[in-house]
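Text of data36.cif, listed as mmCIF, C-alpha atoms and all ligand atoms:
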```cif
data_run
loop_
_atom_site.label_atom_id
_atom_site.label_comp_id
_atom_site.auth_asym_id
_atom_site.auth_seq_id
_atom_site.Cartn_x
_atom_site.Cartn_y
_atom_site.Cartn_z
CA MET A 217 -16.14 4.34 28.57
CA ASP A 218 -18.62 1.72 27.31
CA LEU A 219 -18.92 0.80 23.66
CA ASP A 220 -22.33 2.45 23.15
CA ALA A 221 -21.07 5.77 24.48
CA LEU A 222 -17.96 5.58 22.29
CA PHE A 223 -19.78 4.47 19.13
CA GLY A 224 -22.48 7.12 19.68
CA GLY A 225 -19.86 9.86 19.37
CA LEU A 226 -17.93 8.50 16.36
CA ARG A 227 -18.03 10.41 13.07
CA ARG A 228 -17.03 9.48 9.52
CA PHE A 229 -15.82 13.04 8.77
CA PRO A 230 -13.98 13.96 6.52
CA ASP A 231 -15.57 11.05 4.64
CA VAL A 232 -19.12 11.43 3.36
CA GLU A 233 -21.67 11.74 6.17
CA ALA A 234 -25.41 11.06 5.88
CA GLU A 235 -28.34 9.96 8.05
CA ASN A 236 -28.09 6.33 6.88
CA LEU A 237 -24.28 6.06 7.04
CA GLN A 238 -22.58 5.14 10.31
CA ALA A 239 -18.99 5.33 11.49
CA HIS A 240 -19.17 1.80 12.94
CA ASP A 241 -20.93 -1.42 12.01
CA ALA A 242 -22.09 -4.66 13.62
CA THR A 243 -18.78 -6.30 12.68
CA ASP A 244 -16.81 -3.74 14.72
CA ARG A 245 -19.01 -4.51 17.72
CA LEU A 246 -18.76 -8.29 17.30
CA LEU A 247 -14.98 -8.09 16.88
CA LEU A 248 -14.61 -6.08 20.08
CA GLU A 249 -16.95 -8.39 22.01
CA THR A 250 -14.88 -11.36 20.82
CA ALA A 251 -11.61 -9.56 21.58
CA ALA A 252 -12.69 -8.97 25.20
CA ARG A 253 -12.07 -12.70 25.84
CA TYR A 254 -8.42 -12.36 24.88
CA VAL A 255 -7.49 -9.11 26.63
CA LEU A 256 -6.17 -10.46 29.92
CA SER A 257 -3.82 -7.56 30.61
CA PRO A 258 -3.78 -3.88 29.56
CA GLU A 259 -0.21 -4.41 28.29
CA ILE A 260 -1.27 -6.91 25.62
CA ARG A 261 0.27 -6.01 22.24
CA VAL A 262 -2.68 -5.29 19.97
CA ALA A 263 -2.56 -4.54 16.23
CA VAL A 264 -5.64 -3.32 14.34
CA ILE A 265 -5.96 -3.69 10.56
CA GLY A 266 -8.53 -2.06 8.29
CA ASP A 267 -10.20 0.17 10.87
CA ARG A 268 -12.63 2.35 8.89
CA TYR A 269 -13.13 5.36 11.17
CA GLY A 270 -11.49 4.30 14.42
CA ALA A 271 -14.20 2.10 15.98
CA LEU A 272 -11.81 -0.83 16.50
CA THR A 273 -8.79 1.13 17.70
CA LEU A 274 -10.72 3.42 20.02
CA GLY A 275 -13.00 0.56 21.12
CA ALA A 276 -9.96 -1.51 22.16
CA LEU A 277 -8.57 1.45 24.12
CA ALA A 278 -11.77 2.72 25.70
CA ALA A 279 -13.93 -0.37 26.17
CA LEU A 280 -11.38 -3.19 26.49
CA GLY A 281 -8.88 -1.26 28.59
CA VAL A 282 -5.94 -1.92 26.26
CA GLU A 283 -3.18 0.61 26.98
CA HIS A 284 -1.79 1.09 23.48
CA VAL A 285 -2.76 0.01 19.96
CA ARG A 286 -0.85 -0.12 16.66
CA VAL A 287 -3.06 0.42 13.64
CA THR A 288 -2.98 0.43 9.84
CA GLN A 289 -5.66 1.81 7.55
CA ASP A 290 -5.54 1.90 3.77
CA LEU A 291 -7.56 5.04 3.11
CA TYR A 292 -6.41 8.58 3.78
CA VAL A 293 -9.84 9.66 5.08
CA SER A 294 -9.88 6.69 7.48
CA SER A 295 -6.71 7.90 9.13
CA LEU A 296 -8.03 11.47 9.42
CA ALA A 297 -11.31 10.22 10.88
CA LEU A 298 -9.47 8.08 13.44
CA GLN A 299 -7.36 11.07 14.53
CA ARG A 300 -10.41 13.32 14.88
CA ASN A 301 -12.46 10.69 16.70
CA ALA A 302 -9.53 10.02 19.04
CA ALA A 303 -9.19 13.72 19.85
CA ALA A 304 -12.95 14.00 20.47
CA SER A 305 -12.91 11.04 22.87
CA GLY A 306 -9.69 12.01 24.67
CA LEU A 307 -7.75 9.00 23.32
CA SER A 308 -5.10 10.75 21.20
CA GLY A 309 -1.56 9.56 21.88
CA ARG A 310 -2.67 6.04 22.79
CA PHE A 311 -2.21 4.59 19.30
CA GLU A 312 0.42 4.65 16.57
CA GLU A 313 -0.17 4.41 12.84
CA PHE A 314 1.94 2.17 10.59
CA GLU A 315 2.01 0.66 7.14
CA LEU A 316 1.31 -3.06 6.98
CA GLY A 317 4.61 -4.66 8.03
CA ALA A 318 7.04 -5.27 10.88
CA GLY A 319 6.43 -1.93 12.64
CA LEU A 320 2.75 -2.71 12.95
CA LEU A 321 2.97 -6.38 13.77
CA ASP A 322 6.26 -7.15 15.47
CA GLY A 323 5.41 -9.28 18.51
CA ALA A 324 1.66 -8.60 18.24
CA GLU A 325 -0.34 -10.95 20.48
CA LEU A 326 -3.84 -9.98 19.36
CA VAL A 327 -4.71 -8.84 15.82
CA ILE A 328 -8.17 -7.39 15.24
CA MET A 329 -9.18 -6.82 11.63
CA GLN A 330 -12.02 -6.03 9.29
CA LEU A 331 -11.79 -8.50 6.41
CA PRO A 332 -10.88 -6.73 3.14
CA LYS A 333 -12.88 -7.17 -0.05
CA ALA A 334 -10.07 -8.54 -2.22
CA LEU A 335 -8.52 -11.94 -1.54
CA ALA A 336 -5.12 -10.62 -2.67
CA GLU A 337 -5.33 -7.99 0.08
CA LEU A 338 -6.20 -10.65 2.64
CA GLU A 339 -3.30 -12.76 1.38
CA GLU A 340 -0.88 -9.86 1.90
CA ILE A 341 -2.25 -9.19 5.40
CA ALA A 342 -2.18 -12.88 6.41
CA ASP A 343 1.39 -13.23 5.19
CA ALA A 344 2.52 -10.14 7.14
CA VAL A 345 0.81 -11.30 10.35
CA ALA A 346 2.29 -14.82 10.08
CA ARG A 347 5.71 -13.30 9.39
CA PHE A 348 5.89 -10.78 12.24
CA ALA A 349 3.31 -11.46 14.96
CA ALA A 350 4.12 -13.37 18.16
CA PRO A 351 4.09 -17.20 17.77
CA GLY A 352 1.04 -17.41 20.02
CA ALA A 353 -0.84 -14.59 18.27
CA VAL A 354 -4.62 -14.76 17.93
CA VAL A 355 -6.16 -13.13 14.85
CA LEU A 356 -9.80 -12.04 14.89
CA ALA A 357 -10.95 -11.35 11.33
CA GLY A 358 -14.53 -10.13 10.98
CA GLY A 359 -16.88 -9.26 8.17
CA ARG A 360 -20.49 -8.95 7.08
CA VAL A 361 -21.67 -12.49 6.24
CA LYS A 362 -22.89 -11.38 2.79
CA HIS A 363 -19.38 -10.19 1.89
CA MET A 364 -17.57 -13.27 3.18
CA SER A 365 -16.56 -16.31 1.15
CA LEU A 366 -14.94 -19.68 1.79
CA GLY A 367 -12.03 -18.37 -0.26
CA MET A 368 -11.19 -16.17 2.74
CA ASN A 369 -10.86 -19.20 5.02
CA ALA A 370 -8.64 -20.84 2.41
CA VAL A 371 -6.37 -17.79 2.24
CA LEU A 372 -6.06 -17.66 6.04
CA GLU A 373 -5.37 -21.41 6.16
CA ARG A 374 -2.28 -20.86 4.02
CA SER A 375 -0.79 -18.68 6.78
CA PHE A 376 -2.28 -20.24 9.95
CA GLU A 377 -2.51 -23.83 11.23
CA SER A 378 -5.94 -23.20 12.73
CA VAL A 379 -8.83 -21.15 11.28
CA GLN A 380 -12.15 -21.40 13.12
CA PRO A 381 -15.29 -19.65 11.86
CA GLN A 382 -17.50 -18.50 14.75
CA LEU A 383 -21.30 -18.44 14.77
CA ALA A 384 -22.76 -15.53 12.85
CA GLN A 385 -24.34 -12.80 14.94
CA ARG A 386 -26.24 -9.74 13.70
CA LYS A 387 -25.29 -10.71 10.11
CA SER A 388 -21.56 -10.59 10.94
CA ARG A 389 -19.07 -13.35 11.55
CA VAL A 390 -15.59 -13.60 13.07
CA LEU A 391 -12.93 -16.04 11.88
CA ILE A 392 -10.35 -16.88 14.55
CA ALA A 393 -6.91 -17.75 13.16
CA ARG A 394 -4.09 -19.11 15.33
CA GLU A 395 -0.65 -20.69 15.11
CA PRO A 396 0.96 -18.57 12.41
CA LYS A 397 3.06 -20.50 9.87
CA ARG A 398 6.25 -18.41 9.75
CA PRO A 399 7.02 -18.01 6.01
CA ALA A 400 10.47 -19.16 4.93
CA THR A 401 10.43 -17.13 1.71
CA ALA A 402 10.63 -13.36 1.09
CA ALA A 403 7.41 -11.33 1.37
CA PRO A 404 5.37 -11.91 -1.82
CA PHE A 405 4.08 -8.32 -2.09
CA PRO A 406 4.32 -6.07 -3.97
CA VAL A 407 4.04 -8.54 -6.83
CA SER A 408 5.58 -7.32 -10.07
CA GLU A 409 4.92 -8.33 -13.62
CA ARG A 410 6.39 -7.30 -16.94
CA ASN A 411 3.74 -5.89 -19.25
CA THR A 412 5.13 -6.51 -22.73
CA GLU A 413 2.36 -4.53 -24.43
CA LEU A 414 3.41 -1.38 -22.53
CA GLY A 415 7.08 -2.29 -22.24
CA MET A 416 7.01 -1.59 -18.51
CA THR A 417 6.98 -3.42 -15.18
CA VAL A 418 3.85 -3.04 -13.03
CA CYS A 419 4.05 -3.53 -9.25
CA ALA A 420 0.99 -4.13 -7.08
CA HIS A 421 0.16 -4.57 -3.43
CA GLY A 422 -2.85 -6.76 -2.63
CA ALA A 423 -5.37 -3.95 -2.18
CA VAL A 424 -4.69 -2.06 -5.38
CA PHE A 425 -7.10 -1.68 -8.31
CA SER A 426 -6.58 -4.24 -11.12
CA GLY A 427 -3.48 -5.84 -9.54
CA THR A 428 -0.60 -5.93 -12.03
CA LYS A 429 -3.05 -6.11 -14.94
CA LEU A 430 -3.68 -3.26 -17.35
CA ASP A 431 -7.29 -2.10 -16.99
CA ILE A 432 -9.02 -2.04 -20.39
CA GLY A 433 -10.19 1.55 -19.86
CA THR A 434 -6.64 2.62 -19.04
CA ARG A 435 -5.44 0.82 -22.17
CA PHE A 436 -7.96 2.77 -24.27
CA LEU A 437 -6.79 6.09 -22.76
CA LEU A 438 -3.13 5.19 -23.37
CA GLY A 439 -3.95 4.64 -27.05
CA PHE A 440 -4.19 8.46 -27.26
CA LEU A 441 -0.91 9.17 -25.45
CA ASP A 442 0.62 10.91 -28.45
CA LYS A 443 -2.35 13.33 -28.58
CA ILE A 444 -2.10 14.28 -24.89
CA PRO A 445 -0.32 17.67 -24.61
CA ASP A 446 3.13 18.30 -23.16
CA ALA A 447 2.73 19.58 -19.62
CA HIS A 448 4.96 21.31 -17.08
CA HIS A 449 3.16 19.52 -14.26
CA ALA A 450 1.00 16.48 -14.99
CA VAL A 451 -1.03 14.64 -12.33
CA ASP A 452 -2.15 11.01 -12.43
CA LEU A 453 -5.26 11.34 -10.27
CA GLY A 454 -6.29 8.06 -8.62
CA CYS A 455 -3.02 6.47 -9.74
CA GLY A 456 -3.57 2.83 -8.64
CA THR A 457 -0.36 1.04 -9.68
CA GLY A 458 0.88 4.19 -11.43
CA ILE A 459 0.65 2.99 -15.03
CA LEU A 460 -0.55 6.36 -16.39
CA ALA A 461 2.09 8.33 -14.44
CA THR A 462 4.85 6.00 -15.56
CA MET A 463 3.85 5.95 -19.22
CA TYR A 464 3.47 9.74 -19.34
CA ALA A 465 6.75 10.41 -17.49
CA ARG A 466 8.62 8.11 -19.82
CA ASP A 467 7.08 9.64 -22.92
CA ARG A 468 7.62 13.27 -21.79
CA PRO A 469 11.05 13.58 -20.22
CA ASN A 470 10.58 17.31 -19.49
CA ALA A 471 7.35 17.02 -17.52
CA ARG A 472 7.13 16.97 -13.75
CA VAL A 473 4.73 14.16 -12.83
CA THR A 474 2.77 13.67 -9.61
CA ALA A 475 0.79 10.50 -8.94
CA THR A 476 -1.79 10.59 -6.17
CA ASP A 477 -4.29 8.20 -4.64
CA GLN A 478 -6.34 7.92 -1.44
CA SER A 479 -5.10 4.36 -0.86
CA ALA A 480 -1.83 3.61 0.94
CA ALA A 481 -1.56 0.38 -1.08
CA ALA A 482 -1.87 2.33 -4.34
CA VAL A 483 0.75 4.86 -3.24
CA ALA A 484 3.19 2.09 -2.26
CA SER A 485 2.47 0.26 -5.54
CA THR A 486 3.08 3.38 -7.65
CA LYS A 487 6.37 4.04 -5.84
CA ALA A 488 7.43 0.47 -6.58
CA THR A 489 6.31 0.75 -10.22
CA ALA A 490 8.21 4.02 -10.70
CA ALA A 491 11.34 2.44 -9.16
CA ALA A 492 11.04 -0.71 -11.28
CA ASN A 493 11.00 1.47 -14.40
CA GLY A 494 13.87 3.76 -13.38
CA LEU A 495 11.61 6.77 -12.81
CA VAL A 496 11.93 7.44 -9.07
CA ASP A 497 13.29 10.92 -9.71
CA ARG A 498 10.55 11.76 -12.19
CA VAL A 499 7.38 10.66 -10.41
CA THR A 500 6.38 12.11 -7.03
CA VAL A 501 3.78 10.01 -5.23
CA VAL A 502 1.36 11.52 -2.71
CA GLN A 503 -1.38 9.98 -0.58
CA ASP A 504 -4.33 12.37 -0.45
CA ASP A 505 -8.09 12.49 -0.80
CA ALA A 506 -8.98 13.99 -4.19
CA MET A 507 -5.88 16.27 -4.18
CA SER A 508 -7.10 18.15 -1.07
CA ALA A 509 -3.59 19.40 -0.30
CA PHE A 510 -2.74 20.46 -3.88
CA GLU A 511 -2.51 24.19 -4.61
CA PRO A 512 -5.34 25.55 -6.79
CA GLY A 513 -4.18 26.05 -10.39
CA SER A 514 -0.99 24.04 -9.82
CA ALA A 515 -1.29 21.47 -12.66
CA ASP A 516 -1.69 21.93 -16.39
CA LEU A 517 -2.64 18.32 -17.13
CA ILE A 518 -4.61 15.70 -15.19
CA LEU A 519 -5.01 12.08 -16.34
CA LEU A 520 -7.93 10.24 -14.82
CA ASN A 521 -9.55 6.83 -14.96
CA PRO A 522 -12.14 7.62 -12.29
CA PRO A 523 -13.48 5.25 -9.66
CA PHE A 524 -17.11 4.26 -9.98
CA HIS A 525 -17.63 2.38 -6.74
CA LEU A 526 -18.46 4.01 -3.44
CA GLY A 527 -18.16 1.19 -0.94
CA ALA A 528 -20.17 -1.73 -2.25
CA SER A 529 -22.56 0.34 -4.37
CA VAL A 530 -22.10 1.79 -7.85
CA HIS A 531 -22.18 5.52 -7.41
CA ALA A 532 -21.32 8.44 -9.66
CA GLY A 533 -20.44 10.57 -6.61
CA ALA A 534 -16.90 9.24 -6.46
CA ALA A 535 -16.18 10.36 -10.04
CA THR A 536 -17.89 13.73 -9.58
CA LYS A 537 -15.66 14.36 -6.57
CA MET A 538 -12.62 13.74 -8.80
CA PHE A 539 -13.94 16.13 -11.50
CA GLU A 540 -14.50 18.84 -8.87
CA ALA A 541 -10.98 18.29 -7.57
CA ALA A 542 -9.58 18.51 -11.12
CA ALA A 543 -11.47 21.77 -11.67
CA ARG A 544 -9.80 23.27 -8.60
CA VAL A 545 -6.26 22.05 -9.28
CA LEU A 546 -6.09 22.72 -13.04
CA ALA A 547 -4.61 26.04 -14.15
CA SER A 548 -6.62 28.07 -16.64
CA ALA A 549 -6.53 26.31 -20.06
CA GLY A 550 -5.17 23.18 -18.35
CA GLU A 551 -6.61 19.87 -19.55
CA LEU A 552 -8.31 16.90 -17.93
CA TRP A 553 -8.08 13.69 -19.97
CA THR A 554 -10.42 11.05 -18.72
CA VAL A 555 -11.72 7.63 -19.72
CA TYR A 556 -15.05 6.19 -18.60
CA ASN A 557 -17.66 3.60 -19.44
CA SER A 558 -19.64 5.14 -22.30
CA HIS A 559 -22.99 4.45 -20.62
CA LEU A 560 -22.01 6.68 -17.67
CA GLN A 561 -22.53 9.90 -19.67
CA TYR A 562 -20.14 12.05 -17.68
CA ARG A 563 -19.90 14.57 -20.49
CA SER A 564 -22.36 17.12 -19.08
CA ALA A 565 -20.75 17.00 -15.62
CA LEU A 566 -17.33 17.54 -17.23
CA GLU A 567 -18.66 20.51 -19.27
CA ARG A 568 -20.24 22.02 -16.19
CA LEU A 569 -17.40 21.46 -13.72
CA ILE A 570 -14.29 21.84 -15.92
CA GLY A 571 -15.16 23.48 -19.25
CA PRO A 572 -15.45 22.69 -22.98
CA THR A 573 -15.24 18.91 -23.39
CA THR A 574 -14.37 17.09 -26.62
CA GLU A 575 -14.76 13.39 -27.30
CA ILE A 576 -11.35 12.12 -28.38
CA GLY A 577 -12.26 8.47 -28.86
CA ARG A 578 -15.05 6.01 -28.34
CA ASN A 579 -15.31 2.23 -28.65
CA PRO A 580 -18.24 -0.02 -27.70
CA LYS A 581 -17.27 0.20 -24.00
CA PHE A 582 -15.29 3.35 -23.33
CA THR A 583 -15.15 7.04 -24.08
CA VAL A 584 -12.07 9.25 -23.79
CA THR A 585 -12.62 12.98 -23.39
CA ARG A 586 -10.49 16.11 -23.14
CA SER A 587 -11.89 18.91 -20.97
CA VAL A 588 -10.25 22.34 -21.04
CA LYS A 589 -10.41 24.37 -17.83
CA ARG A 590 -12.30 27.57 -18.53
C1 LIG B 601 -10.33 2.99 -11.68
S1 LIG B 601 -8.94 3.10 -10.58
C2 LIG B 601 -7.69 3.68 -11.71
C3 LIG B 601 -6.28 3.33 -11.28
C4 LIG B 601 -5.16 3.70 -12.26
N1 LIG B 601 -5.16 5.12 -12.58
C5 LIG B 601 -5.27 2.89 -13.53
O1 LIG B 601 -5.60 3.50 -14.55
O2 LIG B 601 -5.06 1.67 -13.51
C6 LIG B 601 -9.36 4.52 -9.62
C7 LIG B 601 -8.40 4.87 -8.51
O3 LIG B 601 -8.87 6.05 -7.87
C8 LIG B 601 -8.58 5.98 -6.49
N2 LIG B 601 -9.49 6.89 -5.77
C9 LIG B 601 -10.82 6.74 -5.55
N3 LIG B 601 -11.32 7.78 -4.87
C10 LIG B 601 -10.26 8.62 -4.64
C11 LIG B 601 -10.13 9.86 -3.98
N4 LIG B 601 -11.18 10.46 -3.39
N5 LIG B 601 -8.91 10.45 -3.93
C12 LIG B 601 -7.84 9.85 -4.51
N6 LIG B 601 -7.90 8.65 -5.15
C13 LIG B 601 -9.10 8.05 -5.21
C14 LIG B 601 -8.77 4.51 -6.15
O4 LIG B 601 -8.06 4.17 -4.95
C15 LIG B 601 -8.23 3.82 -7.41
O5 LIG B 601 -6.86 3.50 -7.26
#
```

Structure encoded using structure tokens:
Amino acid sequence: MDLDALFGGLRRFPDVEAENLQAHDATDRLLLETAARYVLSPEIRVAVIGDRYGALTLGALAALGVEHVRVTQDLYVSSLALQRNAAASGLSGRFEEFELGAGLLDGAELVIMQLPKALAELEEIADAVARFAAPGAVVLAGGRVKHMSLGMNAVLERSFESVQPQLAQRKSRVLIAREPKRPATAAPFPVSERNTELGMTVCAHGAVFSGTKLDIGTRFLLGFLDKIPDAHHAVDLGCGTGILATMYARDRPNARVTATDQSAAAVASTKATAAANGLVDRVTVVQDDAMSAFEPGSADLILLNPPFHLGASVHAGAATKMFEAAARVLASAGELWTVYNSHLQYRSALERLIGPTTEIGRNPKFTVTRSVKR
């Protein structure tokens, strides 16, 4: 199958779909065109990192003739989209999904990746590739030129002897990294840091929101911890490193606590944070998109510091999706406690989607509200 035919059939579903949103971009195409030079045999061991909806994995299988691909994706919807796109193009069973690590990268000869936004995430990826890939591995790391920085080259240069930026094409560029420097020390991620203010240890993988630092909105919400009700089942929705879940579980020894996030890095970070604070048995961690697999009415408390970015643009849709999810999963009279930038004026959406909403606190930047499910 040629690339145009494959790309023409790709969908973003179950992620947001719209006329102006595509399931592939010019970077996917440039990466695959560049990769074609290195695929000299169908048996080549290929690892794909950061595939959004399957364009890279399925492109390597269908258009480059690679027999089998190992892939990792951070977002839950990305993995679902890949599976659906694979089924639709008859390519199911030709790839395996892994977390970032030895399973994904052991002996990999060609690594094809979309550059992540955060340098810490790139650092974690580069370290893993240098640690596990074959000594002669070639890494093709692509991005949109406007999102790339020299800092990315510097991060790659710490893990590879050679990093060569290629000419930009169609506003995308590929960096080719070779000669991995096998690290002599233990893997640096997840990093962990003692937060003396909270009296807890925070663990973070490279891709997670705020790293090991306490977000100032989260800090403001935690200032009201003693006012948050006792719950049978509390959910930390969009848990990041799991600070809210950990603090609540520690404060309320009788509550069952579930932490959930769409990001594999967040889920792994929260598990590490719970373990570092002796709470493995108290905090269940689940990767999901906006609690899609949670039973309706199954929680009596949800804690939320909602996301406000959708891709590169600031967008209220991501928060609204979380409020809708909370409305479905809260039992009657259950409570959603949320913190947001005061200028965002989420109050009317909370009233409409959840129920009566009270302002619990406000400072020059943030507002904390309690919404009671009607
Ligand atoms: C502002 S961060 C808050 C993280 C953490 N609760 C804290 O207070 O530090 C929002 C989190 O929501 C997650 N998120 C965004 N959209 C989501 C969705 N549809 N389903 C689940 N989690 C989502 C992000 O991955 C991110 O970790």

Quiz prompt | Test item: residues lying within 8 Å of ligand LIG 601 (chain B) with only C-alpha atoms and all ligand atoms, as a PyMOL selection string | solution = chain A and resi 424-426+430-431+433-434+452-460+476-479+482+503-507+519-524+534-535+537-538

Save out the residues we just selected, C-alpha atoms, as a short mmCIF file (atom, residue, chain, number, x, y, z; two decimals), keeping the file's coordinate frame.
```cif
data_model
loop_
_atom_site.label_atom_id
_atom_site.label_comp_id
_atom_site.auth_asym_id
_atom_site.auth_seq_id
_atom_site.Cartn_x
_atom_site.Cartn_y
_atom_site.Cartn_z
CA VAL A 424 -4.69 -2.06 -5.38
CA PHE A 425 -7.10 -1.68 -8.31
CA SER A 426 -6.58 -4.24 -11.12
CA LEU A 430 -3.68 -3.26 -17.35
CA ASP A 431 -7.29 -2.10 -16.99
CA GLY A 433 -10.19 1.55 -19.86
CA THR A 434 -6.64 2.62 -19.04
CA ASP A 452 -2.15 11.01 -12.43
CA LEU A 453 -5.26 11.34 -10.27
CA GLY A 454 -6.29 8.06 -8.62
CA CYS A 455 -3.02 6.47 -9.74
CA GLY A 456 -3.57 2.83 -8.64
CA THR A 457 -0.36 1.04 -9.68
CA GLY A 458 0.88 4.19 -11.43
CA ILE A 459 0.65 2.99 -15.03
CA LEU A 460 -0.55 6.36 -16.39
CA THR A 476 -1.79 10.59 -6.17
CA ASP A 477 -4.29 8.20 -4.64
CA GLN A 478 -6.34 7.92 -1.44
CA SER A 479 -5.10 4.36 -0.86
CA ALA A 482 -1.87 2.33 -4.34
CA GLN A 503 -1.38 9.98 -0.58
CA ASP A 504 -4.33 12.37 -0.45
CA ASP A 505 -8.09 12.49 -0.80
CA ALA A 506 -8.98 13.99 -4.19
CA MET A 507 -5.88 16.27 -4.18
CA LEU A 519 -5.01 12.08 -16.34
CA LEU A 520 -7.93 10.24 -14.82
CA ASN A 521 -9.55 6.83 -14.96
CA PRO A 522 -12.14 7.62 -12.29
CA PRO A 523 -13.48 5.25 -9.66
CA PHE A 524 -17.11 4.26 -9.98
CA ALA A 534 -16.90 9.24 -6.46
CA ALA A 535 -16.18 10.36 -10.04
CA LYS A 537 -15.66 14.36 -6.57
CA MET A 538 -12.62 13.74 -8.80
#
```

Quiz item: Which residues, written as number ranges by chain, have at least one atom at most 7 Å from Glu575 of chain A, with only C-alpha atoms counted and residues fewer than 3 positions away on the same chain left out?
Solution: A: 584-586

Quiz item: Quick one: residues within 12 Å of Gly224 of chain A, all atoms listed in the file counted, chain neighbours fewer than 4 positions away excluded, as a ChimeraX atom specification?
Solution: /A:217-220,228,238-241,271,275,301,304-305

Quiz item: So how far away is atom CA of Ala461 of chain A from atom CA of Val418 of chain A, in Å?
Solution: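 So the two atoms, atom CA of Val418 of chain A and atom CA of Ala461 of chain A, lie 11.6 Å apart.
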
Quiz item: List as a list in words: which residues have an atom within 8 Å of (-1.8, -2.4, 29.7), counting only C-alpha atoms?
Solution: Ser257, Pro258, Glu259, Ile260, Gly281, Val282, Glu283 and His284 of chain A

Self-check item: Selection near Thr474 of chain A, 8 Å with all atoms listed in the file, sequence-local residues under 3 positions removed, as a PyMOL selection string
Solution: chain A and resi 449-452+461+499-502

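Between atom CA of Ile328 of chain A and atom CA of Thr243 of chain A there is a distance of 11.0 Å.
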
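Atom CA of Ile341 of chain A is positioned 11.7 Å from atom CA of Asp290 of chain A.
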
Residues of segment 372-416 of chain A within 12 Å of segment 352-365 of chain A: nearest atom pair and distance (Å, one decimal) for each, counting only C-alpha atoms, sorted by chain and number, as CSV?
```
residue,atom,partner,partner_atom,distance
A:Leu372,CA,A:Ala357,CA,9.6
A:Ser375,CA,A:Val355,CA,11.2
A:Phe376,CA,A:Val355,CA,9.5
A:Glu377,CA,A:Gly352,CA,11.4
A:Ser378,CA,A:Val354,CA,10.0
A:Val379,CA,A:Val355,CA,9.2
A:Gln380,CA,A:Leu356,CA,9.8
A:Pro381,CA,A:Ala357,CA,9.4
A:Gln382,CA,A:Gly358,CA,9.6
A:Leu383,CA,A:Val361,CA,10.4
A:Ala384,CA,A:Val361,CA,7.4
A:Gln385,CA,A:Val361,CA,9.1
A:Arg386,CA,A:Arg360,CA,8.8
A:Lys387,CA,A:Val361,CA,5.6
A:Ser388,CA,A:Arg360,CA,4.3
A:Arg389,CA,A:Gly358,CA,5.6
A:Val390,CA,A:Gly358,CA,4.2
A:Leu391,CA,A:Ala357,CA,5.1
A:Ile392,CA,A:Leu356,CA,4.9
A:Ala393,CA,A:Val355,CA,5.0
A:Arg394,CA,A:Val354,CA,5.1
A:Glu395,CA,A:Gly352,CA,6.1
A:Pro396,CA,A:Ala353,CA,7.3
A:Lys397,CA,A:Gly352,CA,10.8
A:Arg398,CA,A:Gly352,CA,11.6
```

Quiz prompt | Within-9 Å shell of (-14.8, 2.4, -22.1) in input frame, all atoms listed in the file, as JSON, numbers by chain | solution = {"A": [432, 433, 434, 436, 437, 555, 556, 557, 558, 559, 578, 579, 580, 581, 582, 583, 584]}

Practice problem: Tell me which protein, DNA and RNA residues are within 12 Å of Leu546 of chain A, counting only C-alpha atoms, leaving out same-chain ones fewer than 5 positions away, and put them as a ChimeraX atom specification. | Solution: /A:447-451,453,507,510-519,538-541,551-553,569-571,587-590

Quiz item: Using all atoms listed in the file, which of A:Ser294, A:Thr250, A:Thr574, A:Ser508 sits nearest Tyr269 of chain A?
Solution: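 Going through A:Ser294, A:Thr250, A:Thr574, A:Ser508 one by one, the smallest distance to Tyr269 of chain A is for A:Ser294.
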
Practice problem: Please provide the set of residues having any atom within 12 Å of Ala303 of chain A, restricted to all atoms listed in the file, with same-chain residues fewer than 4 positions apart removed, written as a count of residues only. | Solution: 14

Could you work out an axis-aligned bounding box for all listed atoms of segment 430-446 of chain A, with 3 Å added on each of the six sides, and give its centre and edge lengths in Å to one decimal, as lines of an AutoDock Vina configuration file?
```
center_x = -3.5
center_y = 7.5
center_z = -22.8
size_x = 19.3
size_y = 27.6
size_z = 17.6
```

Practice problem: Determine the nearest neighbour of Asp244 of chain A from the options A:Ser485, A:Thr273, A:Ser548, A:Ser564, counting only C-alpha atoms. | Solution: A:Thr273

Quiz prompt | Which residue of A:Gln330, A:Gln289, A:Thr489, A:Ser408 approaches Ala242 of chain A most closely, using all atoms listed in the file | solution = A:Gln330

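Distance annotation: of A:Arg563, A:Lys333, A:Arg498, A:Arg347, the residue with the minimal separation from Val473 of chain A is A:Arg498; atom set is all atoms listed in the file.
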